[in-house]
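Structure data follow from final-v5.cif (mmCIF, C-alpha atoms, pLDDT in the B column; chains and numbers go by the auth columns):
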```
data_data
loop_
_atom_site.group_PDB
_atom_site.id
_atom_site.type_symbol
_atom_site.label_atom_id
_atom_site.label_comp_id
_atom_site.label_asym_id
_atom_site.label_seq_id
_atom_site.Cartn_x
_atom_site.Cartn_y
_atom_site.Cartn_z
_atom_site.B_iso_or_equiv
_atom_site.auth_seq_id
_atom_site.auth_asym_id
ATOM 1 C CA MET A 1 -0.792 23.033 27.579 53.00 1 A
ATOM 2 C CA GLY A 2 -2.513 21.790 24.435 63.00 2 A
ATOM 3 C CA MET A 3 -3.625 18.356 23.407 61.00 3 A
ATOM 4 C CA PHE A 4 -1.006 18.102 20.620 67.00 4 A
ATOM 5 C CA ASP A 5 1.982 19.614 22.441 77.00 5 A
ATOM 6 C CA SER A 6 3.971 16.371 22.544 79.00 6 A
ATOM 7 C CA GLN A 7 3.358 15.712 18.837 78.00 7 A
ATOM 8 C CA GLN A 8 4.372 19.289 17.990 80.00 8 A
ATOM 9 C CA ARG A 9 7.575 18.941 20.028 85.00 9 A
ATOM 10 C CA ALA A 10 8.384 15.610 18.355 84.00 10 A
ATOM 11 C CA PHE A 11 7.783 17.117 14.915 85.00 11 A
ATOM 12 C CA GLY A 12 9.967 20.099 15.827 88.00 12 A
ATOM 13 C CA ALA A 13 12.815 17.755 16.778 91.00 13 A
ATOM 14 C CA VAL A 14 12.441 15.664 13.603 92.00 14 A
ATOM 15 C CA HIS A 15 12.162 18.847 11.517 93.00 15 A
ATOM 16 C CA GLY A 16 15.447 20.129 12.978 94.00 16 A
ATOM 17 C CA TYR A 17 17.152 16.784 12.369 96.00 17 A
ATOM 18 C CA MET A 18 15.973 16.643 8.750 96.00 18 A
ATOM 19 C CA GLN A 19 17.063 20.240 8.197 97.00 19 A
ATOM 20 C CA SER A 20 20.570 19.327 9.377 97.00 20 A
ATOM 21 C CA LEU A 21 20.879 16.638 6.682 97.00 21 A
ATOM 22 C CA PHE A 22 20.604 19.028 3.736 98.00 22 A
ATOM 23 C CA PRO A 23 23.656 20.778 2.305 97.00 23 A
ATOM 24 C CA PRO A 24 23.915 24.539 2.938 96.00 24 A
ATOM 25 C CA GLU A 25 23.789 25.261 -0.804 97.00 25 A
ATOM 26 C CA ASP A 26 20.406 23.463 -1.105 97.00 26 A
ATOM 27 C CA PRO A 27 18.596 23.969 2.245 98.00 27 A
ATOM 28 C CA MET A 28 15.421 22.186 3.267 98.00 28 A
ATOM 29 C CA VAL A 29 12.222 24.043 2.394 97.00 29 A
ATOM 30 C CA GLY A 30 9.682 21.761 4.101 95.00 30 A
ATOM 31 C CA ALA A 31 9.058 18.483 5.890 95.00 31 A
ATOM 32 C CA PHE A 32 6.228 16.387 7.272 91.00 32 A
ATOM 33 C CA LEU A 33 5.640 13.097 9.069 91.00 33 A
ATOM 34 C CA GLY A 34 3.670 10.250 7.563 89.00 34 A
ATOM 35 C CA ASN A 35 3.271 6.523 7.626 89.00 35 A
ATOM 36 C CA GLN A 36 3.072 3.793 5.065 89.00 36 A
ATOM 37 C CA SER A 37 0.843 0.830 5.828 82.00 37 A
ATOM 38 C CA LYS A 38 1.635 -2.580 4.466 77.00 38 A
ATOM 39 C CA THR A 39 -0.201 -5.838 5.033 74.00 39 A
ATOM 40 C CA PHE A 40 1.228 -6.572 8.474 81.00 40 A
ATOM 41 C CA SER A 41 3.194 -3.457 9.354 82.00 41 A
ATOM 42 C CA ASN A 42 3.402 0.318 9.426 88.00 42 A
ATOM 43 C CA GLN A 43 6.482 2.390 8.755 92.00 43 A
ATOM 44 C CA MET A 44 6.772 5.985 9.972 92.00 44 A
ATOM 45 C CA TYR A 45 8.706 8.402 7.744 95.00 45 A
ATOM 46 C CA ALA A 46 9.969 11.937 7.889 95.00 46 A
ATOM 47 C CA VAL A 47 9.846 13.322 4.365 96.00 47 A
ATOM 48 C CA ALA A 48 11.660 16.552 3.548 97.00 48 A
ATOM 49 C CA VAL A 49 12.521 18.470 0.400 97.00 49 A
ATOM 50 C CA SER A 50 14.849 21.174 -0.803 98.00 50 A
ATOM 51 C CA THR A 51 14.820 22.723 -4.245 97.00 51 A
ATOM 52 C CA HIS A 52 16.656 19.749 -5.779 97.00 52 A
ATOM 53 C CA LEU A 53 16.413 16.854 -3.286 97.00 53 A
ATOM 54 C CA MET A 54 13.919 14.746 -1.364 97.00 54 A
ATOM 55 C CA ALA A 55 14.980 12.938 1.806 98.00 55 A
ATOM 56 C CA ILE A 56 12.972 10.009 3.157 97.00 56 A
ATOM 57 C CA GLN A 57 13.971 9.004 6.681 97.00 57 A
ATOM 58 C CA PRO A 58 12.442 5.856 8.243 96.00 58 A
ATOM 59 C CA LEU A 59 11.620 6.432 11.908 95.00 59 A
ATOM 60 C CA ASP A 60 10.995 4.092 14.826 93.00 60 A
ATOM 61 C CA ARG A 61 8.160 4.449 17.370 89.00 61 A
ATOM 62 C CA LYS A 62 10.201 6.982 19.346 90.00 62 A
ATOM 63 C CA MET A 63 10.649 9.046 16.157 90.00 63 A
ATOM 64 C CA GLN A 64 14.346 8.221 15.944 94.00 64 A
ATOM 65 C CA PRO A 65 16.034 7.263 12.642 95.00 65 A
ATOM 66 C CA SER A 66 15.694 3.500 12.153 96.00 66 A
ATOM 67 C CA ALA A 67 17.523 3.102 8.813 96.00 67 A
ATOM 68 C CA PRO A 68 19.674 5.225 6.495 97.00 68 A
ATOM 69 C CA VAL A 69 18.000 8.172 4.791 97.00 69 A
ATOM 70 C CA THR A 70 17.028 7.756 1.122 96.00 70 A
ATOM 71 C CA TRP A 71 17.933 10.662 -1.148 97.00 71 A
ATOM 72 C CA LEU A 72 15.978 11.251 -4.362 97.00 72 A
ATOM 73 C CA ARG A 73 16.238 13.775 -7.177 97.00 73 A
ATOM 74 C CA ALA A 74 13.365 14.750 -9.451 95.00 74 A
ATOM 75 C CA VAL A 75 14.707 12.446 -12.197 96.00 75 A
ATOM 76 C CA ASP A 76 14.417 9.518 -9.735 96.00 76 A
ATOM 77 C CA ILE A 77 10.604 9.835 -9.640 94.00 77 A
ATOM 78 C CA THR A 78 8.848 7.890 -12.393 92.00 78 A
ATOM 79 C CA ALA A 79 5.220 8.400 -11.264 88.00 79 A
ATOM 80 C CA ALA A 80 3.391 10.355 -8.599 85.00 80 A
ATOM 81 C CA ALA A 81 -0.167 10.837 -7.359 79.00 81 A
ATOM 82 C CA ILE A 82 -0.576 13.854 -5.119 75.00 82 A
ATOM 83 C CA TRP A 83 -3.600 13.901 -2.840 63.00 83 A
ATOM 84 C CA GLY A 84 -5.263 11.404 -5.215 52.00 84 A
ATOM 85 C CA GLU A 85 -4.641 13.478 -8.366 51.00 85 A
ATOM 86 C CA GLY A 86 -2.408 12.450 -11.236 47.00 86 A
ATOM 87 C CA GLY A 87 -2.201 8.759 -10.502 45.00 87 A
ATOM 88 C CA GLY A 88 -5.192 7.483 -12.391 43.00 88 A
ATOM 89 C CA PHE A 89 -8.640 6.359 -11.299 37.00 89 A
ATOM 90 C CA ARG A 90 -7.490 3.837 -8.660 44.00 90 A
ATOM 91 C CA GLU A 91 -5.459 6.447 -6.804 42.00 91 A
ATOM 92 C CA TRP A 92 -8.230 9.015 -7.067 40.00 92 A
ATOM 93 C CA MET A 93 -10.741 6.559 -5.572 38.00 93 A
ATOM 94 C CA ALA A 94 -8.398 5.242 -2.867 45.00 94 A
ATOM 95 C CA GLN A 95 -9.598 5.712 0.687 47.00 95 A
ATOM 96 C CA ASN A 96 -7.836 8.681 2.332 45.00 96 A
ATOM 97 C CA SER A 97 -6.087 9.590 -0.930 45.00 97 A
ATOM 98 C CA GLU A 98 -6.627 13.257 -0.137 56.00 98 A
ATOM 99 C CA PHE A 99 -3.997 12.901 2.605 71.00 99 A
ATOM 100 C CA GLU A 100 -1.650 10.564 0.747 79.00 100 A
ATOM 101 C CA LEU A 101 1.378 11.000 -1.487 85.00 101 A
ATOM 102 C CA ARG A 102 2.040 8.045 -3.790 85.00 102 A
ATOM 103 C CA PHE A 103 5.157 7.857 -5.877 90.00 103 A
ATOM 104 C CA THR A 104 7.415 5.334 -7.579 92.00 104 A
ATOM 105 C CA THR A 105 11.156 5.664 -7.973 93.00 105 A
ATOM 106 C CA ALA A 106 13.290 4.672 -10.950 93.00 106 A
ATOM 107 C CA ALA A 107 14.661 1.859 -8.740 94.00 107 A
ATOM 108 C CA GLY A 108 11.117 0.439 -8.490 93.00 108 A
ATOM 109 C CA GLU A 109 10.472 1.425 -4.874 93.00 109 A
ATOM 110 C CA LYS A 110 6.828 2.366 -4.276 92.00 110 A
ATOM 111 C CA TYR A 111 5.793 4.762 -1.532 91.00 111 A
ATOM 112 C CA LYS A 112 2.258 5.467 -0.289 89.00 112 A
ATOM 113 C CA ILE A 113 2.823 7.889 2.558 89.00 113 A
ATOM 114 C CA LEU A 114 -0.249 9.042 4.453 86.00 114 A
ATOM 115 C CA ALA A 115 0.141 12.368 6.267 82.00 115 A
ATOM 116 C CA LEU A 116 0.159 11.709 9.992 75.00 116 A
ATOM 117 C CA GLY A 117 -3.381 12.073 11.325 65.00 117 A
ATOM 118 C CA GLY A 118 -4.868 13.444 8.104 65.00 118 A
ATOM 119 C CA TRP A 119 -6.020 17.035 7.768 61.00 119 A
ATOM 120 C CA THR A 120 -7.265 17.462 11.356 65.00 120 A
ATOM 121 C CA MET A 121 -3.930 16.518 12.902 67.00 121 A
ATOM 122 C CA SER A 122 -2.059 18.536 10.271 67.00 122 A
ATOM 123 C CA LYS A 123 -3.931 21.674 11.335 69.00 123 A
ATOM 124 C CA MET A 124 -3.184 20.935 15.001 74.00 124 A
ATOM 125 C CA MET A 125 0.519 20.428 14.236 77.00 125 A
ATOM 126 C CA GLY A 126 0.796 24.021 13.076 77.00 126 A
ATOM 127 C CA GLU A 127 1.651 26.085 10.054 83.00 127 A
ATOM 128 C CA GLN A 128 5.200 24.699 9.673 87.00 128 A
ATOM 129 C CA TYR A 129 3.750 21.188 9.271 84.00 129 A
ATOM 130 C CA ILE A 130 1.125 22.296 6.720 84.00 130 A
ATOM 131 C CA LEU A 131 3.730 24.257 4.759 88.00 131 A
ATOM 132 C CA GLY A 132 5.954 21.168 4.823 90.00 132 A
ATOM 133 C CA LEU A 133 3.173 19.000 3.399 87.00 133 A
ATOM 134 C CA GLN A 134 2.634 21.536 0.640 88.00 134 A
ATOM 135 C CA ALA A 135 6.366 21.822 -0.113 93.00 135 A
ATOM 136 C CA VAL A 136 6.681 18.039 -0.530 92.00 136 A
ATOM 137 C CA ALA A 137 3.529 17.866 -2.690 88.00 137 A
ATOM 138 C CA ASP A 138 4.791 20.739 -4.877 91.00 138 A
ATOM 139 C CA TRP A 139 8.187 19.053 -5.259 94.00 139 A
ATOM 140 C CA LEU A 140 6.546 15.790 -6.363 91.00 140 A
ATOM 141 C CA ALA A 141 4.261 17.655 -8.777 88.00 141 A
ATOM 142 C CA ARG A 142 7.294 19.246 -10.434 90.00 142 A
ATOM 143 C CA ALA A 143 9.155 15.904 -10.470 89.00 143 A
ATOM 144 C CA ARG A 144 6.396 13.994 -12.253 73.00 144 A
ATOM 145 C CA HIS A 145 6.406 16.351 -15.253 62.00 145 A
#
```
As structure tokens, how would this structure be written, given the file I've shared?
Amino acid sequence: MGMFDSQQRAFGAVHGYMQSLFPPEDPMVGAFLGNQSKTFSNQMYAVAVSTHLMAIQPLDRKMQPSAPVTWLRAVDITAAAIWGEGGGFREWMAQNSEFELRFTTAAGEKYKILALGGWTMSKMMGEQYILGLQAVADWLARARH
């Protein structure tokens, strides 16, 4: 029994749930867990992508959906900084930016989602988690162009 078994099981359950949300003609290609810190709160998210869609699912402390999922298409992204790159000097210098995806939607919603536990935890979560992080980053990189 490993130190991260419970986190891996929780991610597996969230991964399966997110996969079930995507239509069969555009299946999910990757997902990860992250949180967004605000002044007095944190919000956990499951973020998943397919070829054409991104799903952002707010989660509660028990990793259960806490609000409706937000669906985005590439045209809905107006700006993105991936791991601190592409967002200008402030994003590049931001603390922990190497583990953070920042993007703004056409509706004006701003997301700064930090990968759960940074690189160390990502490696412990397994290859599916790392591939999910990369899939979401690649999707955002394509969307911002």
Taking the file as shown, what set of residues would the PyMOL selection byres ((chain A and resi 68) around 9) give back, as a PyMOL selection string? chain A and resi 56-58+65-67+69-70
Kindly indicate which residue among A:Leu21, A:Arg142, A:Val49, A:Gly30 lies nearest to Glu127 (chain A), using only C-alpha atoms for the distances. A:Gly30
Selection in question (the file shown): the PyMOL selection byres ((chain A and resi 62) around 12). Which residues does it include, as a ChimeraX atom specification? /A:6-7,10-11,13-14,44-45,58-61,63-66
On this file, the PyMOL selection byres ((chain A and resi 132) around 8) gives some set of residues; write that set as a PyMOL selection string. chain A and resi 29-32+48+128-131+133-136
Find, counting all atoms listed in the file, the residue in A:His52, A:His15, A:Lys112, A:Arg9 that gets nearest to Asp76 (chain A). A:His52
Could you tell me how far CA of Ala80 (chain A) lies from CA of Pro27 (chain A), in Å and to one decimal? 23.1 Å
Which value, in Å to one decimal, gives the distance between CA of Leu53 (chain A) and CA of Met124 (chain A)?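 CA of Met124 (chain A) lies at a distance of 27.1 Å from CA of Leu53 (chain A).
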